[in-house]
Structures are given as C-alpha cells and as structure tokens.
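Novice: Sending over a structure as structure tokens; questions will come in a sec.
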Amino acid sequence: MYPGFENKTGNIITLTIFSITTLLILINFFNKNKKAFLSFSLILFVSVSGIITLLVSEILNQKDLRIIFASVFIVANIFILSSLLIITFSKSISFGFLKSLLTLILIFFAGISVVFILVLNFSDDSDLYRNTKLKADAGVILGAAVWGGNRPSPVLRERINKGFDVYIQGTVPKLVITGGGSPNEMTEADVSKNVLIKYGVDPDNLIVENESNSTVEQIQFVKKNLYKTNKWKKIILISDNFHLMRAKEICSFNNIEADCIASDKSLTPEGTYNFCLKESMALIVFWMVGL
C-alpha cells in the first residue's frame, strides 16, 4: 500500500490481509482439486489490485470517485480472502459464492463494529492541557462545512471557538486554519479566519490553508509546509471528538506528533451514531488505501 513498511496501523492491517491471502493460496496450491479456484482467485486478486490502483491514480482530483474505487478495492480483497477461507476449510471442494458472500458480510460488520467502538470511545487530550503550562507549536483547526456561502456551520463554529480558547490560553502561539470550499462560496479556512480576527486574534498568528478537500490533504499540508520547515515538535488537532481518532491516525502515519482537543459540539444519539459510523468507514479506507 505505502512505499516502504512502517509500524503503522494501516500497514499492519494491509500486510496481515496480504499475508493470510498468500498463505491460503499456497495451501491450495498443493491441493490438485482446488487449482481451478486458485487460478481464479490469484488472477482476480492481481487484476483487481492493478485496475483499482490505476483508476485511483488517474482520478486524483475527484475525491468521491477515489473513495468509491478504494471501497471496491477493499471489498474485492476481503471477498477473495473470504472465498479462500471457505474453500480451504470447507469439506466441499466446490466454490460456494453464497458462503463466501456471507463470510464477507461477517468480516465486514465485525471490522466496522470494532472500529465504531474505538471511534465512539475515543478520548481527547484536554486533561493534559487543563491547568498546566504544557504548550504545543500550533493548533490546527480542521475544516468543516460553510453555510450561506460565508457563514460557519454550527460544527465549524464550535471548532473555531475551541481553537480560540486554546490560543487565548497561551497553549499555542499560532493557529493553522484549514479547508477549501465549493464554487461561489468562501473557503472554510477564510470563513474561520474572519471569525477569529473578529474575536481579536492577530492575523499574523493565523496560517491559512484554503485549497484542501479532505482531512488527509489538510494534514499533508501541515507536514510539507509547516511541521518540517519550522521544526515543530508537536501540534494540537482541534475538531469534533468523533473526527479526532482518524485525524490523529493520519498524523501518526505522516510522522507528526499530535495531541487532540475536541470541540464542545453536542450531538443527538442519532447524530452520534451517524457520524461515528461515517468516521469508522473513513478510517478503514484510510488504513487500507491511504485516502
């Protein structure tokens, strides 16, 4: 998945799936009755991997399509793994599509459930900075939707407010405000900048990134343009609690030392479920294909 192997969650998951798949293919290689299925699974595995990689690389500027193709890639690989498990440990030598599909569903929902619980129970690092002199090099306010073309949505407003609190307490000397925008509206970062200036933040202490379309792009901007260049040692990610686990994982993969402070945005039980489910799926996609 990634150039070189590092001890990161996504790499470990990818290596584990690839290793199990390879092992099962080798086991079936020595079973003459299953060579037909071996050929099918091996060809499908290589073909799907190659095609999806090619498609993703060709449409780098289309976020929605990248996610769709990445999801197809993940499902295809899990299906192949499911099929290999069934054919290897089943008494029958025939390929059972329905059994493989059922195994795929069980693996998928088991994985989603585990990640959902982790996201739901994620705790930020607010206690580390409460009533202490602990500091970081910058606070990074992750973007969220803009309403009416130039107003922060309630989610973005709460992120801005929390970022301002962190700044005014002296925990960070600067704020990085991130997020692009849709045509005919202000970018998320520019909306955040205007609000923070109204609050009294010195514009010289605001760093604006207004072209990104995803959390991955926002954190990559910080890495390439700020973290290494300024020799920062730690940043504070500011977002909603359900979003912070994925953001921290992205930082970890990019070798950015980051703590997290959650906004005060409250959600209904239904909203909490929906957002945590969305973040769980997005986190799995990031772990598997880096999007």
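Chain labels follow the order of the structure tokens: the first chain is A, the next B, and so on; residue numbering restarts at 1 in every chain, and ligands are counted from 1 in their shown order.
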May I have the residues within 10 Å of Lys99 (chain A) as number ranges by chain, using only C-alpha atoms and disregarding those fewer than 6 positions away in the same chain?
Specialist: A: 82-83, 86-87, 105
Novice: Find the distance between CA of Phe242 (chain A) and CA of Cys276 (chain A) and write it in Å to one decimal.
Specialist: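 That distance, rounded to one decimal, is 5.8 Å.
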Novice: Within 12 Å of Asp165 (chain A), counting only C-alpha atoms, which residues show up once you throw out same-chain ones fewer than 2 positions away? Write them as a ChimeraX atom specification, please.
Specialist: /A:126,129-130,139,141,158-163,167-173,175,196,199-201,238,261-264
Novice: For Ile80 (chain A), which of A:Val115, A:Val208, A:Ile17, A:Leu267 is the closest residue, counting only C-alpha atoms?
Specialist: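 Of all the options, A:Ile17 lies closest to Ile80 (chain A).
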Novice: Rank A:Glu217, A:Lys198, A:Leu81, A:Thr103 by their smallest atom-to-atom distance to Ala247 (chain A), using only C-alpha atoms, and report the top residue only.
Specialist: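 For Ala247 (chain A), the nearest of the given residues is A:Glu217.
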Novice: Extract, using only C-alpha atoms, all DNA, RNA and protein residues at most 8 Å from Ile236 (chain A), discarding same-chain residues fewer than 6 positions from it, and format them as a PDB file with N, CA and C atoms, in the first residue's frame.
Specialist:
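selection.pdb, freshly written:
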ATOM      1  N   ALA A 136       2.173  23.599  22.856  1.00  0.00           N
ATOM      2  CA  ALA A 136       2.453  22.974  21.567  1.00  0.00           C
ATOM      3  C   ALA A 136       2.860  24.067  20.589  1.00  0.00           C
ATOM      4  N   ALA A 138       1.625  24.692  17.533  1.00  0.00           N
ATOM      5  CA  ALA A 138       0.500  25.303  16.824  1.00  0.00           C
ATOM      6  C   ALA A 138      -0.756  24.485  17.040  1.00  0.00           C
ATOM      7  N   GLY A 139      -1.883  25.152  16.924  1.00  0.00           N
ATOM      8  CA  GLY A 139      -3.163  24.463  16.911  1.00  0.00           C
ATOM      9  C   GLY A 139      -3.661  24.387  15.482  1.00  0.00           C
ATOM     10  N   VAL A 140      -4.201  23.244  15.094  1.00  0.00           N
ATOM     11  CA  VAL A 140      -4.706  23.054  13.734  1.00  0.00           C
ATOM     12  C   VAL A 140      -6.216  22.842  13.799  1.00  0.00           C
ATOM     13  N   ALA A 258       1.067  14.636  17.475  1.00  0.00           N
ATOM     14  CA  ALA A 258      -0.142  15.448  17.636  1.00  0.00           C
ATOM     15  C   ALA A 258      -0.948  15.017  18.849  1.00  0.00           C
ATOM     16  N   ASP A 259      -1.426  16.015  19.595  1.00  0.00           N
ATOM     17  CA  ASP A 259      -2.434  15.794  20.614  1.00  0.00           C
ATOM     18  C   ASP A 259      -3.767  16.279  20.065  1.00  0.00           C
ATOM     19  N   CYS A 260      -4.853  15.941  20.728  1.00  0.00           N
ATOM     20  CA  CYS A 260      -6.184  16.278  20.232  1.00  0.00           C
ATOM     21  C   CYS A 260      -6.995  16.988  21.304  1.00  0.00           C
ATOM     22  N   ILE A 261      -7.720  18.006  20.895  1.00  0.00           N
ATOM     23  CA  ILE A 261      -8.671  18.661  21.783  1.00  0.00           C
ATOM     24  C   ILE A 261      -9.994  18.777  21.042  1.00  0.00           C
TER      25      ILE A 261
END
Novice: Would you mind reading off the distance between CA of Arg157 (chain A) and CA of Leu118 (chain A), one decimal, in Å?
Specialist: 25.7 Å
Novice: Would you please work out which residue, of A:Ile78, A:Leu26, A:Val166, A:Leu98, is nearest to Ile13 (chain A) when using only C-alpha atoms?
Specialist: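 Distance minimum relative to Ile13 (chain A) lands on A:Ile78.
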Novice: Tell me, which residues of region 209-283 of chain A carry DSSP helix (DSSP H, G or I), written as a short mmCIF file (atom, residue, chain, number, x, y, z; two decimals) with C-alpha atoms, in the first residue's frame?
Specialist:
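What landed in selection32.cif:
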data_model
loop_
_atom_site.label_atom_id
_atom_site.label_comp_id
_atom_site.auth_asym_id
_atom_site.auth_seq_id
_atom_site.Cartn_x
_atom_site.Cartn_y
_atom_site.Cartn_z
CA THR A 215 -8.53 15.75 6.29
CA VAL A 216 -5.67 13.85 4.64
CA GLU A 217 -4.86 16.84 2.42
CA GLN A 218 -5.05 19.24 5.35
CA ILE A 219 -2.59 17.25 7.43
CA GLN A 220 -0.30 16.70 4.46
CA PHE A 221 -0.20 20.49 4.01
CA VAL A 222 0.86 20.86 7.64
CA LYS A 223 3.57 18.25 7.18
CA LYS A 224 5.02 19.59 3.94
CA ASN A 225 4.77 23.32 4.58
CA LEU A 226 4.93 23.82 8.32
CA TYR A 227 5.89 20.90 10.54
CA ASN A 241 -14.37 14.13 19.14
CA PHE A 242 -15.72 11.61 16.59
CA HIS A 243 -13.34 13.03 13.95
CA LEU A 244 -10.18 13.16 16.03
CA MET A 245 -9.23 9.48 16.06
CA ARG A 246 -8.90 9.41 12.26
CA ALA A 247 -7.11 12.76 12.22
CA LYS A 248 -4.62 11.51 14.80
CA GLU A 249 -4.06 8.30 12.82
CA ILE A 250 -3.32 10.38 9.71
CA CYS A 251 -0.83 12.44 11.71
CA SER A 252 0.79 9.31 13.07
CA PHE A 253 1.24 7.90 9.58
CA PRO A 269 -27.78 9.92 19.92
CA GLU A 270 -28.79 9.53 16.27
CA GLY A 271 -26.23 12.13 15.18
CA THR A 272 -23.53 10.46 17.25
CA TYR A 273 -24.29 7.09 15.65
CA ASN A 274 -24.29 8.51 12.11
CA PHE A 275 -21.09 10.49 12.49
CA CYS A 276 -19.24 7.67 14.25
CA LEU A 277 -20.32 5.19 11.57
CA LYS A 278 -19.15 7.55 8.82
CA GLU A 279 -15.82 8.11 10.56
CA SER A 280 -15.38 4.37 11.14
CA MET A 281 -15.74 3.66 7.44
CA ALA A 282 -13.48 6.59 6.53
CA LEU A 283 -10.85 5.34 8.98
#
Novice: Select from region 23-267 of chain A everything DSSP, run on the backbone, classes as strand (DSSP E or B), then give the selection as a PDB file with C-alpha atoms, in the first residue's frame.
Specialist:
ATOM      1  CA  ALA A 138       0.500  25.303  16.824  1.00  0.00           C
ATOM      2  CA  GLY A 139      -3.163  24.463  16.911  1.00  0.00           C
ATOM      3  CA  VAL A 140      -4.706  23.054  13.734  1.00  0.00           C
ATOM      4  CA  ILE A 141      -8.419  23.735  13.271  1.00  0.00           C
ATOM      5  CA  VAL A 146     -19.759  26.622   5.371  1.00  0.00           C
ATOM      6  CA  TRP A 147     -23.397  27.774   5.327  1.00  0.00           C
ATOM      7  CA  ARG A 151     -21.001  31.660   7.478  1.00  0.00           C
ATOM      8  CA  PRO A 152     -19.553  28.817   9.549  1.00  0.00           C
ATOM      9  CA  LEU A 175      -3.449  28.665  14.661  1.00  0.00           C
ATOM     10  CA  VAL A 176      -3.489  26.810  11.354  1.00  0.00           C
ATOM     11  CA  ILE A 177      -6.945  27.065   9.798  1.00  0.00           C
ATOM     12  CA  THR A 178      -7.747  24.633   7.038  1.00  0.00           C
ATOM     13  CA  LEU A 206      -3.066  32.744  11.616  1.00  0.00           C
ATOM     14  CA  ILE A 207      -1.822  30.367   8.914  1.00  0.00           C
ATOM     15  CA  VAL A 208      -4.398  29.756   6.196  1.00  0.00           C
ATOM     16  CA  GLU A 209      -4.707  26.610   4.067  1.00  0.00           C
ATOM     17  CA  ILE A 235       0.693  20.236  17.195  1.00  0.00           C
ATOM     18  CA  ILE A 236      -2.798  20.181  18.652  1.00  0.00           C
ATOM     19  CA  LEU A 237      -5.599  18.956  16.410  1.00  0.00           C
ATOM     20  CA  ILE A 238      -8.901  20.736  17.026  1.00  0.00           C
ATOM     21  CA  SER A 239     -12.089  19.112  15.766  1.00  0.00           C
ATOM     22  CA  ALA A 258      -0.142  15.448  17.636  1.00  0.00           C
ATOM     23  CA  ASP A 259      -2.434  15.794  20.614  1.00  0.00           C
ATOM     24  CA  CYS A 260      -6.184  16.278  20.232  1.00  0.00           C
ATOM     25  CA  ILE A 261      -8.671  18.661  21.783  1.00  0.00           C
ATOM     26  CA  ALA A 262     -12.350  18.172  20.983  1.00  0.00           C
TER      27      ALA A 262
END
Novice: Skipping near chain neighbours, those fewer than 5 positions away, what residues fall within 8 Å of Glu211 (chain A) using only C-alpha atoms, listed as a ChimeraX atom specification?
Specialist: /A:179-181,187
Novice: Save the residues we just selected, N, CA and C atoms, as a compact mmCIF listing (two decimals), in the first residue's frame?
Specialist:
# COMPACT_ATOMS: atom_id res chain seq x y z
N GLY A 179 -9.11 24.11 5.13
CA GLY A 179 -10.35 23.76 4.44
C GLY A 179 -10.61 24.58 3.21
N GLY A 180 -10.89 23.90 2.10
CA GLY A 180 -11.24 24.58 0.85
C GLY A 180 -12.72 24.91 0.82
N GLY A 181 -13.26 25.07 -0.37
CA GLY A 181 -14.67 25.44 -0.48
C GLY A 181 -15.25 25.07 -1.82
N THR A 187 -14.06 29.91 1.27
CA THR A 187 -13.49 28.65 1.74
C THR A 187 -13.69 28.52 3.25
Novice: Would you mind telling me which residue in A:Asn77, A:Ala110, A:Ser212, A:Phe89 lies nearest to Leu142 (chain A) when using only C-alpha atoms?
Specialist: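 For Leu142 (chain A), the nearest of the given residues is A:Ser212.
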Novice: Can you work out the spacing between CA of Ile74 (chain A) and CA of Met288 (chain A) in Å, to one decimal?
Specialist: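 Going from CA of Ile74 (chain A) over to CA of Met288 (chain A), I get 7.2 Å.
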